[in-house]
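Content type mmCIF, C-alpha atoms, from the file coords-v3.cif:
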data_structure
#
loop_
_atom_site.group_PDB
_atom_site.id
_atom_site.type_symbol
_atom_site.label_atom_id
_atom_site.label_comp_id
_atom_site.auth_asym_id
_atom_site.auth_seq_id
_atom_site.Cartn_x
_atom_site.Cartn_y
_atom_site.Cartn_z
ATOM 1 C CA PRO A 1492 16.023 -56.068 64.214
ATOM 2 C CA MET A 1493 19.013 -53.845 64.768
ATOM 3 C CA ASN A 1494 19.679 -51.234 67.416
ATOM 4 C CA VAL A 1495 21.924 -48.746 65.625
ATOM 5 C CA ALA A 1496 22.677 -46.975 68.912
ATOM 6 C CA ASN A 1497 24.658 -50.046 70.015
ATOM 7 C CA THR A 1498 28.428 -49.988 70.145
ATOM 8 C CA ALA A 1499 30.075 -50.246 66.739
ATOM 9 C CA ILE A 1500 31.893 -53.426 65.862
ATOM 10 C CA ASP A 1501 34.870 -51.202 64.984
ATOM 11 C CA SER A 1502 34.485 -49.071 68.120
ATOM 12 C CA GLU A 1503 37.892 -47.471 67.599
ATOM 13 C CA ARG A 1504 36.611 -45.761 64.444
ATOM 14 C CA PHE A 1505 32.848 -45.262 64.904
ATOM 15 C CA ILE A 1506 30.630 -43.789 67.635
ATOM 16 C CA ASN A 1507 27.896 -46.418 67.129
ATOM 17 C CA ARG A 1508 26.487 -48.977 64.705
ATOM 18 C CA ARG A 1509 24.543 -46.288 62.782
ATOM 19 C CA ALA A 1510 27.739 -44.463 61.859
ATOM 20 C CA GLU A 1511 29.417 -47.749 61.043
ATOM 21 C CA ILE A 1512 26.726 -49.147 58.738
ATOM 22 C CA TYR A 1513 26.379 -45.880 56.840
ATOM 23 C CA TRP A 1514 30.139 -45.486 56.455
ATOM 24 C CA ARG A 1515 30.432 -49.064 55.178
ATOM 25 C CA LEU A 1516 27.586 -48.384 52.726
ATOM 26 C CA ARG A 1517 29.437 -45.243 51.581
ATOM 27 C CA GLU A 1518 32.606 -47.266 50.987
ATOM 28 C CA ARG A 1519 30.703 -49.846 48.954
ATOM 29 C CA PHE A 1520 29.199 -47.133 46.738
ATOM 30 C CA GLN A 1521 32.640 -45.537 46.279
ATOM 31 C CA SER A 1522 34.220 -48.837 45.270
ATOM 32 C CA GLY A 1523 31.477 -49.500 42.712
ATOM 33 C CA GLU A 1524 30.402 -52.626 44.579
ATOM 34 C CA ILE A 1525 26.797 -51.422 44.708
ATOM 35 C CA SER A 1526 24.685 -50.513 41.703
ATOM 36 C CA LEU A 1527 21.016 -49.816 42.328
ATOM 37 C CA PRO A 1528 18.025 -49.044 40.164
ATOM 38 C CA GLU A 1529 17.124 -45.363 40.058
ATOM 39 C CA ASN A 1530 14.951 -44.388 43.008
ATOM 40 C CA ARG A 1531 14.551 -40.650 43.605
ATOM 41 C CA GLN A 1532 13.427 -40.936 47.228
ATOM 42 C CA MET A 1533 16.323 -43.221 48.140
ATOM 43 C CA ALA A 1534 18.808 -40.923 46.375
ATOM 44 C CA ASP A 1535 17.398 -37.876 48.191
ATOM 45 C CA GLU A 1536 17.572 -39.641 51.552
ATOM 46 C CA LEU A 1537 21.152 -40.800 50.998
ATOM 47 C CA ALA A 1538 22.183 -37.309 49.864
ATOM 48 C CA SER A 1539 20.588 -35.734 52.952
ATOM 49 C CA LEU A 1540 22.755 -37.691 55.406
ATOM 50 C CA ARG A 1541 25.564 -35.820 57.139
ATOM 51 C CA TYR A 1542 28.438 -37.052 59.245
ATOM 52 C CA ASP A 1543 31.025 -35.435 61.476
ATOM 53 C CA ILE A 1544 34.124 -36.388 63.400
ATOM 54 C CA ALA A 1545 33.555 -36.368 67.167
ATOM 55 C CA SER A 1546 36.056 -34.823 69.585
ATOM 56 C CA ASN A 1547 37.436 -38.320 70.234
ATOM 57 C CA GLY A 1548 38.172 -38.756 66.502
ATOM 58 C CA LYS A 1549 35.340 -41.215 65.853
ATOM 59 C CA ILE A 1550 32.925 -40.924 62.933
ATOM 60 C CA LYS A 1551 29.364 -40.032 63.899
ATOM 61 C CA MET A 1552 26.188 -39.493 61.897
ATOM 62 C CA GLU A 1553 23.893 -36.532 62.279
ATOM 63 C CA SER A 1554 21.010 -37.480 64.570
ATOM 64 C CA LYS A 1555 17.506 -37.841 63.199
ATOM 65 C CA ASP A 1556 16.430 -35.053 65.577
ATOM 66 C CA ASP A 1557 19.005 -32.731 64.014
ATOM 67 C CA MET A 1558 17.868 -33.796 60.547
ATOM 68 C CA LYS A 1559 14.307 -32.932 61.518
ATOM 69 C CA LYS A 1560 15.427 -29.488 62.758
ATOM 70 C CA ARG A 1561 16.814 -28.689 59.334
ATOM 71 C CA GLY A 1562 13.616 -29.875 57.652
ATOM 72 C CA VAL A 1563 14.774 -33.302 56.495
ATOM 73 C CA GLY A 1564 12.540 -36.321 57.006
ATOM 74 C CA SER A 1565 13.565 -39.652 58.447
ATOM 75 C CA PRO A 1566 15.743 -41.608 55.983
ATOM 76 C CA ASP A 1567 13.693 -44.808 56.195
ATOM 77 C CA ILE A 1568 14.655 -46.239 52.794
ATOM 78 C CA ALA A 1569 18.307 -45.296 53.313
ATOM 79 C CA ASP A 1570 18.220 -46.932 56.756
ATOM 80 C CA MET A 1571 16.911 -50.181 55.290
ATOM 81 C CA LEU A 1572 19.515 -50.076 52.525
ATOM 82 C CA ALA A 1573 22.345 -49.515 55.019
ATOM 83 C CA MET A 1574 21.122 -52.391 57.195
ATOM 84 C CA LEU A 1575 20.681 -54.628 54.162
ATOM 85 C CA PHE A 1576 24.287 -54.124 53.092
ATOM 86 C CA ASP A 1577 25.703 -54.426 56.612
ATOM 87 C CA PRO A 1578 28.098 -57.364 56.437
ATOM 88 C CA PHE A 1579 27.650 -58.032 60.164
ATOM 89 C CA ASN A 1580 23.838 -58.263 60.129
ATOM 90 C CA GLU A 1581 23.475 -62.000 59.797
ATOM 91 C CA PRO A 1582 19.660 -62.162 59.796
ATOM 92 C CA LEU A 1583 19.731 -60.363 56.439
ATOM 93 C CA LEU A 1584 22.362 -62.678 55.008
ATOM 94 C CA GLU A 1585 19.982 -65.532 54.303
ATOM 95 C CA THR A 1586 20.147 -67.965 51.461
ATOM 96 C CA ARG A 1587 17.480 -67.803 48.768
ATOM 97 C CA GLU A 1588 16.270 -71.266 49.861
ATOM 98 C CA LEU A 1589 15.739 -70.103 53.443
ATOM 99 C CA ARG A 1590 13.835 -67.017 52.270
ATOM 100 C CA GLU A 1591 11.575 -69.190 50.087
ATOM 101 C CA TRP A 1592 11.048 -71.725 52.881
ATOM 102 C CA ARG A 1593 9.871 -68.995 55.252
ATOM 103 C CA GLY A 1594 7.084 -68.015 52.861
ATOM 104 C CA GLN A 1595 6.253 -64.334 53.025
ATOM 105 C CA PRO A 1596 9.386 -62.285 52.452
ATOM 106 C CA GLY A 1597 10.203 -59.367 54.706
ATOM 107 C CA PRO A 1598 11.161 -55.909 53.426
ATOM 108 C CA ALA A 1599 14.866 -56.711 53.155
ATOM 109 C CA THR A 1600 14.150 -59.844 51.134
ATOM 110 C CA LYS A 1601 11.845 -57.866 48.836
ATOM 111 C CA LEU A 1602 14.551 -55.236 48.303
ATOM 112 C CA ILE A 1603 17.132 -57.943 47.543
ATOM 113 C CA ALA A 1604 14.770 -59.476 44.974
ATOM 114 C CA GLU A 1605 14.110 -56.086 43.335
ATOM 115 C CA MET A 1606 17.828 -55.409 43.130
ATOM 116 C CA GLU A 1607 18.553 -58.849 41.660
ATOM 117 C CA LEU A 1608 15.987 -58.187 38.917
ATOM 118 C CA ALA A 1609 17.291 -54.695 38.183
ATOM 119 C CA ILE A 1610 20.979 -55.523 37.941
ATOM 120 C CA PRO A 1611 22.056 -57.405 34.821
ATOM 121 C CA ALA A 1612 24.055 -60.569 35.460
#
Take the structure in the file and give it back as structure tokens.
Amino acid sequence: PMNVANTAIDSERFINRRAEIYWRLRERFQSGEISLPENRQMADELASLRYDIASNGKIKMESKDDMKKRGVGSPDIADMLAMLFDPFNEPLLETRELREWRGQPGPATKLIAEMELAIPA
């Protein structure tokens, strides 16, 4: 579990963890570090996200309430993707052996497995 309203790890640059995880995801896409199978809903959700610079100079994401006001649904798949690729979210950084030992995989583990199958070695 992650509370994205918590203080960002880099609190000098980001308003909260939500802004931080999405900005880090953005940087990983820009660097070519992430390559995902085509998924229209995920692409639409990622494209619908907006950010701004707050008066204090920190990066902030548009709130889900504001997204709703402009007719955009909750970015659930994008949220899971951003949390999955968050380098500071240790519960998601499990080894394959630990995931197998636990038995039933959670949604993040399922997404990791799908991505491993879709991306050629």
(request) Kindly give the distance, in Å, that separates atom CA of Leu1540 of chain A and atom CA of Arg1508 of chain A, rounded to a single decimal. (result)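 One can read the atom CA of Leu1540 of chain A to atom CA of Arg1508 of chain A distance as 15.1 Å.
Put simply, the PyMOL selection byres ((chain A and resi 1560-1577) around 6) on this file hits Ile1512, Tyr1513, Leu1516, Met1533, Glu1536, Leu1537, Asp1557, Met1558, Lys1559, Pro1578, Phe1579 and Asn1580 of chain A.
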(message) Env of segment 1542-1547 of chain A: 10 Å cut, atoms = all atoms listed in the file, seq-sep filter 2 positions within chain, self excluded. Answer as a PyMOL selection string.
(response) chain A and resi 1503-1506+1510+1513-1514+1540+1549-1554
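Taking atom CA of Asp1556 of chain A as the reference point, atom CA of Ile1500 of chain A is found at 24.0 Å.
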(request) Name the closest residue to Glu1511 of chain A among the candidates A:Ala1534, A:Ala1496, A:Leu1527, A:Leu1602; distances are taken between atoms, counting only C-alpha atoms. (result) A:Ala1496
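When atom CA of Arg1509 of chain A is paired with atom CA of Gly1548 of chain A, their separation reads 16.0 Å.
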